[in-house]
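So this block is upload-v4.cif, mmCIF, C-alpha atoms, pLDDT in the B column; chains and numbers go by the auth columns:
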data_start
#
loop_
_atom_site.group_PDB
_atom_site.id
_atom_site.type_symbol
_atom_site.label_atom_id
_atom_site.label_comp_id
_atom_site.label_asym_id
_atom_site.label_seq_id
_atom_site.Cartn_x
_atom_site.Cartn_y
_atom_site.Cartn_z
_atom_site.B_iso_or_equiv
_atom_site.auth_seq_id
_atom_site.auth_asym_id
ATOM 1 C CA LEU A 1 -11.153 -2.240 -12.180 98.00 1 A
ATOM 2 C CA ASP A 2 -13.596 -5.132 -12.488 98.00 2 A
ATOM 3 C CA PHE A 3 -15.702 -5.982 -9.410 98.00 3 A
ATOM 4 C CA GLN A 4 -17.640 -9.239 -9.115 98.00 4 A
ATOM 5 C CA LEU A 5 -19.623 -7.986 -6.145 98.00 5 A
ATOM 6 C CA ASP A 6 -20.805 -10.295 -3.397 98.00 6 A
ATOM 7 C CA PRO A 7 -21.027 -9.646 0.348 98.00 7 A
ATOM 8 C CA VAL A 8 -19.226 -12.889 1.215 98.00 8 A
ATOM 9 C CA ARG A 9 -16.614 -12.968 -1.553 98.00 9 A
ATOM 10 C CA THR A 10 -15.955 -10.102 -3.958 98.00 10 A
ATOM 11 C CA GLU A 11 -13.354 -10.647 -6.662 98.00 11 A
ATOM 12 C CA VAL A 12 -11.452 -7.537 -7.743 98.00 12 A
ATOM 13 C CA ARG A 13 -9.463 -7.567 -10.974 98.00 13 A
ATOM 14 C CA ALA A 14 -7.250 -4.521 -11.483 98.00 14 A
ATOM 15 C CA ILE A 15 -5.260 -3.578 -14.577 98.00 15 A
ATOM 16 C CA LEU A 16 -2.586 -0.912 -14.170 98.00 16 A
ATOM 17 C CA GLN A 17 -0.784 0.751 -17.066 97.00 17 A
ATOM 18 C CA VAL A 18 2.543 1.799 -15.548 96.00 18 A
ATOM 19 C CA LYS A 19 5.564 3.730 -16.813 95.00 19 A
ATOM 20 C CA ARG A 20 8.927 3.889 -15.069 95.00 20 A
ATOM 21 C CA ASN A 21 9.610 7.309 -13.586 92.00 21 A
ATOM 22 C CA GLY A 22 13.326 8.084 -13.770 91.00 22 A
ATOM 23 C CA ASP A 23 16.470 6.065 -14.449 92.00 23 A
ATOM 24 C CA HIS A 24 16.346 3.239 -11.922 92.00 24 A
ATOM 25 C CA ARG A 25 15.828 -0.536 -11.825 92.00 25 A
ATOM 26 C CA ARG A 26 13.831 -0.761 -8.612 94.00 26 A
ATOM 27 C CA PRO A 27 10.839 -3.148 -8.665 95.00 27 A
ATOM 28 C CA MET A 28 7.222 -2.019 -8.614 96.00 28 A
ATOM 29 C CA ARG A 29 5.852 -1.900 -5.066 97.00 29 A
ATOM 30 C CA LEU A 30 2.060 -1.845 -4.651 98.00 30 A
ATOM 31 C CA ASP A 31 0.415 -1.194 -1.305 98.00 31 A
ATOM 32 C CA GLY A 32 -1.997 -3.747 0.143 98.00 32 A
ATOM 33 C CA ASP A 33 -3.696 -4.179 3.493 97.00 33 A
ATOM 34 C CA GLY A 34 -4.848 -7.683 4.318 94.00 34 A
ATOM 35 C CA LEU A 35 -4.784 -8.725 0.647 95.00 35 A
ATOM 36 C CA THR A 36 -3.485 -11.931 -0.897 90.00 36 A
ATOM 37 C CA PRO A 37 -3.202 -12.047 -4.692 94.00 37 A
ATOM 38 C CA THR A 38 -4.683 -15.034 -6.500 95.00 38 A
ATOM 39 C CA GLU A 39 -3.242 -14.027 -9.884 96.00 39 A
ATOM 40 C CA ILE A 40 -0.436 -11.696 -11.021 98.00 40 A
ATOM 41 C CA TRP A 41 0.144 -11.024 -14.720 98.00 41 A
ATOM 42 C CA VAL A 42 2.604 -8.703 -16.462 98.00 42 A
ATOM 43 C CA ASP A 43 1.974 -7.955 -20.139 98.00 43 A
ATOM 44 C CA GLY A 44 -0.384 -10.917 -20.388 97.00 44 A
ATOM 45 C CA GLN A 45 1.990 -13.449 -18.832 97.00 45 A
ATOM 46 C CA PRO A 46 2.029 -14.951 -15.311 96.00 46 A
ATOM 47 C CA SER A 47 4.633 -13.101 -13.261 96.00 47 A
ATOM 48 C CA ALA A 48 6.849 -13.835 -10.277 94.00 48 A
ATOM 49 C CA TRP A 49 6.068 -11.774 -7.188 97.00 49 A
ATOM 50 C CA LYS A 50 6.598 -11.605 -3.448 96.00 50 A
ATOM 51 C CA MET A 51 5.023 -9.910 -0.451 96.00 51 A
ATOM 52 C CA ASP A 52 7.123 -7.534 1.648 96.00 52 A
ATOM 53 C CA ASP A 53 5.521 -5.966 4.737 93.00 53 A
ATOM 54 C CA GLY A 54 2.097 -5.828 3.113 91.00 54 A
ATOM 55 C CA GLN A 55 3.382 -4.604 -0.244 97.00 55 A
ATOM 56 C CA LEU A 56 3.214 -6.612 -3.457 97.00 56 A
ATOM 57 C CA VAL A 57 6.639 -6.513 -5.127 98.00 57 A
ATOM 58 C CA VAL A 58 6.853 -7.202 -8.867 97.00 58 A
ATOM 59 C CA ARG A 59 10.087 -6.927 -10.837 95.00 59 A
ATOM 60 C CA LEU A 60 9.670 -5.226 -14.208 96.00 60 A
ATOM 61 C CA SER A 61 12.276 -5.475 -16.941 93.00 61 A
ATOM 62 C CA GLY A 62 11.200 -2.631 -19.194 95.00 62 A
ATOM 63 C CA ASN A 63 10.006 0.951 -18.884 96.00 63 A
ATOM 64 C CA GLU A 64 6.295 0.424 -19.602 97.00 64 A
ATOM 65 C CA HIS A 65 4.131 -2.500 -18.536 98.00 65 A
ATOM 66 C CA ARG A 66 0.577 -3.716 -18.024 98.00 66 A
ATOM 67 C CA ILE A 67 0.140 -5.215 -14.554 98.00 67 A
ATOM 68 C CA GLU A 68 -2.958 -7.283 -13.784 98.00 68 A
ATOM 69 C CA THR A 69 -3.832 -8.452 -10.274 98.00 69 A
ATOM 70 C CA VAL A 70 -6.743 -10.461 -8.891 98.00 70 A
ATOM 71 C CA VAL A 71 -7.716 -10.520 -5.221 98.00 71 A
ATOM 72 C CA ALA A 72 -10.715 -11.786 -3.252 98.00 72 A
ATOM 73 C CA ILE A 73 -12.089 -9.738 -0.352 97.00 73 A
ATOM 74 C CA ALA A 74 -14.964 -10.239 2.100 97.00 74 A
ATOM 75 C CA PRO A 75 -17.043 -7.027 2.507 98.00 75 A
ATOM 76 C CA GLU A 76 -19.451 -8.683 4.944 97.00 76 A
ATOM 77 C CA THR A 77 -16.739 -9.271 7.557 97.00 77 A
ATOM 78 C CA ASN A 78 -14.878 -5.993 7.008 97.00 78 A
ATOM 79 C CA THR A 79 -15.611 -4.394 10.378 95.00 79 A
ATOM 80 C CA ALA A 80 -12.895 -1.749 9.922 95.00 80 A
ATOM 81 C CA LEU A 81 -15.298 0.117 7.584 93.00 81 A
ATOM 82 C CA MET A 82 -12.337 1.007 5.357 97.00 82 A
ATOM 83 C CA GLY A 83 -12.072 -0.230 1.793 98.00 83 A
ATOM 84 C CA LEU A 84 -15.165 -2.128 0.577 98.00 84 A
ATOM 85 C CA TYR A 85 -17.605 -3.117 3.321 98.00 85 A
ATOM 86 C CA GLY A 86 -21.221 -4.106 3.897 98.00 86 A
ATOM 87 C CA SER A 87 -23.618 -1.631 5.522 95.00 87 A
ATOM 88 C CA SER A 88 -27.384 -2.117 6.027 94.00 88 A
ATOM 89 C CA GLY A 89 -27.693 -4.356 3.000 96.00 89 A
ATOM 90 C CA MET A 90 -25.485 -2.191 0.775 98.00 90 A
ATOM 91 C CA LEU A 91 -21.865 -2.430 -0.332 98.00 91 A
ATOM 92 C CA CYS A 92 -19.957 0.816 0.153 98.00 92 A
ATOM 93 C CA THR A 93 -16.397 2.112 0.037 98.00 93 A
ATOM 94 C CA GLN A 94 -14.412 4.392 2.317 98.00 94 A
ATOM 95 C CA CYS A 95 -10.973 5.078 0.858 98.00 95 A
ATOM 96 C CA GLU A 96 -9.780 8.216 2.629 97.00 96 A
ATOM 97 C CA ALA A 97 -7.079 8.201 3.838 96.00 97 A
ATOM 98 C CA GLN A 98 -5.669 4.724 3.034 97.00 98 A
ATOM 99 C CA GLY A 99 -8.680 2.513 2.431 98.00 99 A
ATOM 100 C CA PHE A 100 -8.078 1.801 -1.245 98.00 100 A
ATOM 101 C CA ARG A 101 -5.212 -0.567 -0.411 98.00 101 A
ATOM 102 C CA ARG A 102 -7.811 -2.798 1.280 98.00 102 A
ATOM 103 C CA ILE A 103 -9.588 -3.187 -2.094 98.00 103 A
ATOM 104 C CA THR A 104 -6.723 -3.891 -4.486 98.00 104 A
ATOM 105 C CA PHE A 105 -2.953 -3.533 -4.773 98.00 105 A
ATOM 106 C CA PHE A 106 -2.045 0.022 -5.756 98.00 106 A
ATOM 107 C CA PRO A 107 0.542 2.797 -5.182 97.00 107 A
ATOM 108 C CA ASP A 108 -1.683 4.255 -2.449 97.00 108 A
ATOM 109 C CA ARG A 109 -0.266 7.777 -2.188 96.00 109 A
ATOM 110 C CA PRO A 110 -2.059 11.112 -2.658 96.00 110 A
ATOM 111 C CA ASP A 111 0.425 12.269 -5.323 96.00 111 A
ATOM 112 C CA VAL A 112 -0.386 9.302 -7.636 96.00 112 A
ATOM 113 C CA LEU A 113 -3.172 10.370 -10.017 97.00 113 A
ATOM 114 C CA SER A 114 -4.997 7.850 -12.220 97.00 114 A
ATOM 115 C CA ARG A 115 -7.964 7.681 -14.563 97.00 115 A
ATOM 116 C CA TYR A 116 -10.482 5.038 -13.489 98.00 116 A
ATOM 117 C CA SER A 117 -12.574 2.733 -15.641 98.00 117 A
ATOM 118 C CA VAL A 118 -14.799 0.634 -13.370 98.00 118 A
ATOM 119 C CA ARG A 119 -17.040 -2.304 -14.203 98.00 119 A
ATOM 120 C CA MET A 120 -19.274 -3.686 -11.449 98.00 120 A
ATOM 121 C CA GLU A 121 -21.383 -6.843 -11.598 98.00 121 A
ATOM 122 C CA ALA A 122 -23.815 -7.873 -8.854 98.00 122 A
ATOM 123 C CA ASP A 123 -27.091 -9.621 -8.047 98.00 123 A
ATOM 124 C CA ALA A 124 -29.753 -7.500 -9.750 98.00 124 A
ATOM 125 C CA ALA A 125 -32.409 -7.954 -7.049 98.00 125 A
ATOM 126 C CA ARG A 126 -30.142 -7.355 -4.080 98.00 126 A
ATOM 127 C CA TYR A 127 -28.098 -4.523 -5.615 98.00 127 A
ATOM 128 C CA PRO A 128 -30.227 -2.872 -8.334 98.00 128 A
ATOM 129 C CA VAL A 129 -28.203 0.371 -8.236 98.00 129 A
ATOM 130 C CA LEU A 130 -24.468 0.384 -9.064 98.00 130 A
ATOM 131 C CA LEU A 131 -22.633 3.700 -8.630 98.00 131 A
ATOM 132 C CA SER A 132 -19.038 4.883 -9.002 98.00 132 A
ATOM 133 C CA ASN A 133 -17.009 7.945 -10.045 97.00 133 A
ATOM 134 C CA GLY A 134 -17.524 9.786 -13.317 96.00 134 A
ATOM 135 C CA ASN A 135 -20.198 8.895 -15.876 96.00 135 A
ATOM 136 C CA CYS A 136 -22.090 5.637 -16.324 97.00 136 A
ATOM 137 C CA VAL A 137 -21.237 4.828 -19.941 97.00 137 A
ATOM 138 C CA ASP A 138 -22.950 1.426 -20.265 98.00 138 A
ATOM 139 C CA SER A 139 -24.956 -1.176 -18.359 98.00 139 A
ATOM 140 C CA GLY A 140 -26.742 -4.450 -18.993 98.00 140 A
ATOM 141 C CA LYS A 141 -27.865 -7.872 -17.806 98.00 141 A
ATOM 142 C CA ALA A 142 -25.513 -10.750 -16.931 98.00 142 A
ATOM 143 C CA ASP A 143 -26.010 -14.441 -16.256 98.00 143 A
ATOM 144 C CA ASN A 144 -27.554 -15.893 -13.080 97.00 144 A
ATOM 145 C CA ASN A 145 -29.882 -12.917 -12.442 98.00 145 A
ATOM 146 C CA ARG A 146 -26.981 -10.515 -12.220 98.00 146 A
ATOM 147 C CA HIS A 147 -26.424 -7.155 -13.913 98.00 147 A
ATOM 148 C CA TRP A 148 -23.511 -4.823 -14.550 98.00 148 A
ATOM 149 C CA ALA A 149 -22.626 -1.163 -14.958 98.00 149 A
ATOM 150 C CA HIS A 150 -19.547 0.480 -16.449 98.00 150 A
ATOM 151 C CA TRP A 151 -18.414 3.835 -15.079 98.00 151 A
ATOM 152 C CA GLN A 152 -15.598 5.962 -16.499 98.00 152 A
ATOM 153 C CA ASP A 153 -13.964 8.977 -14.897 97.00 153 A
ATOM 154 C CA PRO A 154 -11.921 10.929 -17.469 95.00 154 A
ATOM 155 C CA PHE A 155 -10.122 13.099 -14.930 96.00 155 A
ATOM 156 C CA PRO A 156 -7.030 11.929 -12.986 97.00 156 A
ATOM 157 C CA LYS A 157 -7.550 11.606 -9.242 97.00 157 A
ATOM 158 C CA PRO A 158 -5.868 10.039 -6.195 98.00 158 A
ATOM 159 C CA CYS A 159 -7.202 6.688 -5.091 98.00 159 A
ATOM 160 C CA TYR A 160 -8.519 8.034 -1.775 98.00 160 A
ATOM 161 C CA LEU A 161 -11.293 9.717 -3.837 98.00 161 A
ATOM 162 C CA PHE A 162 -12.430 6.419 -5.375 98.00 162 A
ATOM 163 C CA ALA A 163 -16.042 5.594 -4.524 98.00 163 A
ATOM 164 C CA LEU A 164 -18.378 2.656 -5.144 98.00 164 A
ATOM 165 C CA VAL A 165 -21.915 1.981 -3.877 98.00 165 A
ATOM 166 C CA ALA A 166 -24.139 -1.004 -4.659 98.00 166 A
ATOM 167 C CA GLY A 167 -27.589 -1.217 -3.114 98.00 167 A
ATOM 168 C CA ASP A 168 -31.344 -0.871 -3.298 98.00 168 A
ATOM 169 C CA LEU A 169 -31.663 2.904 -3.590 98.00 169 A
ATOM 170 C CA ALA A 170 -34.035 5.476 -5.076 98.00 170 A
ATOM 171 C CA ALA A 171 -33.089 8.815 -6.614 98.00 171 A
ATOM 172 C CA ASN A 172 -34.352 12.357 -6.295 98.00 172 A
ATOM 173 C CA ARG A 173 -33.557 13.531 -9.827 98.00 173 A
ATOM 174 C CA ASP A 174 -33.113 17.006 -11.220 98.00 174 A
ATOM 175 C CA SER A 175 -30.806 18.793 -13.654 98.00 175 A
ATOM 176 C CA PHE A 176 -28.512 21.798 -13.779 98.00 176 A
ATOM 177 C CA THR A 177 -27.787 23.888 -16.878 98.00 177 A
ATOM 178 C CA THR A 178 -24.236 25.218 -16.876 98.00 178 A
ATOM 179 C CA MET A 179 -23.134 28.668 -18.012 97.00 179 A
ATOM 180 C CA SER A 180 -22.320 27.303 -21.487 97.00 180 A
ATOM 181 C CA GLY A 181 -25.757 25.681 -21.797 98.00 181 A
ATOM 182 C CA LYS A 182 -24.783 22.057 -21.023 97.00 182 A
ATOM 183 C CA LYS A 183 -27.442 20.091 -19.134 98.00 183 A
ATOM 184 C CA VAL A 184 -26.073 18.002 -16.260 98.00 184 A
ATOM 185 C CA SER A 185 -28.153 15.181 -14.748 98.00 185 A
ATOM 186 C CA LEU A 186 -28.318 15.280 -10.942 98.00 186 A
ATOM 187 C CA ALA A 187 -29.387 12.559 -8.511 98.00 187 A
ATOM 188 C CA ILE A 188 -29.468 12.274 -4.723 98.00 188 A
ATOM 189 C CA TRP A 189 -29.471 8.528 -3.955 98.00 189 A
ATOM 190 C CA VAL A 190 -31.114 7.338 -0.714 97.00 190 A
ATOM 191 C CA ARG A 191 -33.344 4.583 0.578 96.00 191 A
ATOM 192 C CA GLU A 192 -36.896 4.965 -0.708 97.00 192 A
ATOM 193 C CA PRO A 193 -38.424 6.104 2.645 97.00 193 A
ATOM 194 C CA ASP A 194 -35.894 8.971 2.808 97.00 194 A
ATOM 195 C CA LEU A 195 -36.688 10.544 -0.576 98.00 195 A
ATOM 196 C CA ALA A 196 -38.894 13.195 1.014 97.00 196 A
ATOM 197 C CA LYS A 197 -35.897 14.411 3.052 98.00 197 A
ATOM 198 C CA THR A 198 -33.633 15.184 0.071 98.00 198 A
ATOM 199 C CA ALA A 199 -35.032 18.470 -1.281 98.00 199 A
ATOM 200 C CA HIS A 200 -32.581 20.577 0.713 98.00 200 A
ATOM 201 C CA ALA A 201 -29.645 18.426 -0.447 98.00 201 A
ATOM 202 C CA MET A 202 -30.640 18.944 -4.090 98.00 202 A
ATOM 203 C CA ASP A 203 -31.070 22.693 -3.592 98.00 203 A
ATOM 204 C CA ALA A 204 -27.650 22.855 -1.928 98.00 204 A
ATOM 205 C CA LEU A 205 -26.046 20.901 -4.775 98.00 205 A
ATOM 206 C CA LYS A 206 -27.415 23.252 -7.444 98.00 206 A
ATOM 207 C CA ALA A 207 -26.496 26.314 -5.380 98.00 207 A
ATOM 208 C CA ALA A 208 -22.919 25.042 -5.020 98.00 208 A
ATOM 209 C CA MET A 209 -22.589 24.438 -8.763 98.00 209 A
ATOM 210 C CA ALA A 210 -23.893 27.943 -9.496 98.00 210 A
ATOM 211 C CA TRP A 211 -21.504 29.408 -6.903 98.00 211 A
ATOM 212 C CA ASP A 212 -18.514 27.714 -8.571 98.00 212 A
ATOM 213 C CA GLU A 213 -19.484 29.374 -11.843 98.00 213 A
ATOM 214 C CA ARG A 214 -20.258 32.784 -10.374 98.00 214 A
ATOM 215 C CA VAL A 215 -17.212 33.076 -8.118 98.00 215 A
ATOM 216 C CA TYR A 216 -14.552 31.072 -9.986 98.00 216 A
ATOM 217 C CA GLY A 217 -15.894 30.714 -13.526 98.00 217 A
ATOM 218 C CA ARG A 218 -15.651 26.936 -13.112 97.00 218 A
ATOM 219 C CA GLU A 219 -18.196 24.897 -15.031 97.00 219 A
ATOM 220 C CA TYR A 220 -19.059 21.333 -14.041 96.00 220 A
ATOM 221 C CA ASP A 221 -17.248 19.014 -16.464 93.00 221 A
ATOM 222 C CA LEU A 222 -19.112 15.658 -16.296 95.00 222 A
ATOM 223 C CA ASP A 223 -22.518 14.676 -17.670 95.00 223 A
ATOM 224 C CA GLN A 224 -23.783 13.316 -14.315 95.00 224 A
#
Structure rendered as structure tokens:
Amino acid sequence: LDFQLDPVRTEVRAILQVKRNGDHRRPMRLDGDGLTPTEIWVDGQPSAWKMDDGQLVVRLSGNEHRIETVVAIAPETNTALMGLYGSSGMLCTQCEAQGFRRITFFPDRPDVLSRYSVRMEADAARYPVLLSNGNCVDSGKADNNRHWAHWQDPFPKPCYLFALVAGDLAANRDSFTTMSGKKVSLAIWVREPDLAKTAHAMDALKAAMAWDERVYGREYDLDQ
């Protein structure tokens, strides 16, 4: 996923690596809610497509393909508060239960698990913090006073667990050392005036991670 974030017009470019499941010739059907594609590509070539009751329908000839879609959405006017929306100067997502289909075309079902690689670009002054699932693996400056961050989540998950936040936030930072000795970076992100209210949240986070280890032998598996 590549997000060119803007409250008025956010462009979302999605690349799906898909493999046909079973012996059938049915087309690929991707869920969408209020979306209109501006570009559809299959294996690097412009592709024919149609809309059918909110779904994007793309016919695929082979068993494995690379599908690329581009849509433009307007977070500022998204009053449903599902998908990507503006809130108190921030951009946030709410994808449970079916909000992800308001962000991009996707097989929006809880049994479809995917690994997410997310690049976000936004105005550096307005949105200095860019957050998503997994680990932040890279970041940098872009043109026109913008900046970007690249997050990767190595573990498959349903799209209703996708999360993105862009805003002017401060972090209460700490760390947790797992039972194997790995140090995990922790951060509770809030508006600056609320930092003093986050001590209990941090204590609860560390207590929960310790409880997972003590009761289930489950060690936290990301770096952040």
Just want the 10 Å neighbourhood of region 71-77 of chain A, counted on only C-alpha atoms, with same-chain residues fewer than 3 positions away dropped. Output as JSON, numbers by chain. {"A": [3, 4, 5, 6, 7, 8, 9, 10, 11, 12, 13, 14, 34, 35, 36, 37, 38, 39, 40, 80, 81, 82, 83, 84, 85, 86, 87, 89, 90, 91, 92, 93, 102, 103, 104, 105]}
Pick out the closest residue to Thr79 (chain A) from this set: A:Gln94, A:Ile67, A:Ala125, A:Tyr116. Count all atoms listed in the file. A:Gln94
Can you translate the PyMOL selection byres ((chain A and resi 47-55) around 8) into the concrete residues it hits in this file, as a PyMOL selection string? chain A and resi 29-35+40-42+45-46+56-59+105
Name the residues in contact with region 203-217 of chain A at a cut-off of 9 Å, using only C-alpha atoms, excluding same-chain residues fewer than 3 positions from it; report them as a PyMOL selection string. chain A and resi 175-176+178-179+186+198-200+220
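For the atom pair formed by CA of Gly99 (chain A) and CA of Leu164 (chain A), the distance is 12.3 Å, given to one decimal.
The residues returned by the PyMOL selection byres ((chain A and resi 147) around 10) on the shown structure are Met120, Glu121, Ala122, Asp123, Ala124, Ala125, Tyr127, Pro128, Val129, Leu130, Ser139, Gly140, Lys141, Ala142, Asp143, Asn144, Asn145, Arg146, Trp148 and Ala149 of chain A.
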note - CA of Lys182 (chain A) and CA of Ala201 (chain A) are separated by 21.5 Å
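Applied to this file, the PyMOL selection byres ((chain A and resi 158) around 7) selects Pro110, Asp111, Val112, Leu113, Ser114, Lys157, Cys159, Tyr160 and Leu161 of chain A.
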Show me, as AutoDock Vina command-line options, the centre and edge lengths in Å to one decimal of the axis-aligned box that covers every listed atom of region 110-124 of chain A with 3 Å on each side.
--center_x -14.7 --center_y 1.3 --center_z -9.1 --size_x 36.2 --size_y 27.9 --size_z 19.0
Nearest residue to Val184 (chain A) from the set A:Asn21, A:Gln224, A:Gln152, A:Asn172 (distances using all atoms listed in the file): A:Gln224
Near-Glu64 (chain A) list (10 Å; only C-alpha atoms; drop same-chain fewer than 4 positions) as a ChimeraX atom specification: /A:17-21,43,60
Test item: residues at most 9 Å from Trp189 (chain A), only C-alpha atoms, excluding those fewer than 3 positions along its chain, as a PyMOL selection string: chain A and resi 169-173+192+195+198
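Closest approach to Ala97 (chain A) among A:Asp223, A:Arg109, A:Leu1, A:Gly167: A:Arg109, based on only C-alpha atoms.
Picture a line from CA of Lys183 (chain A) to CA of Pro156 (chain A); it runs 22.8 Å.
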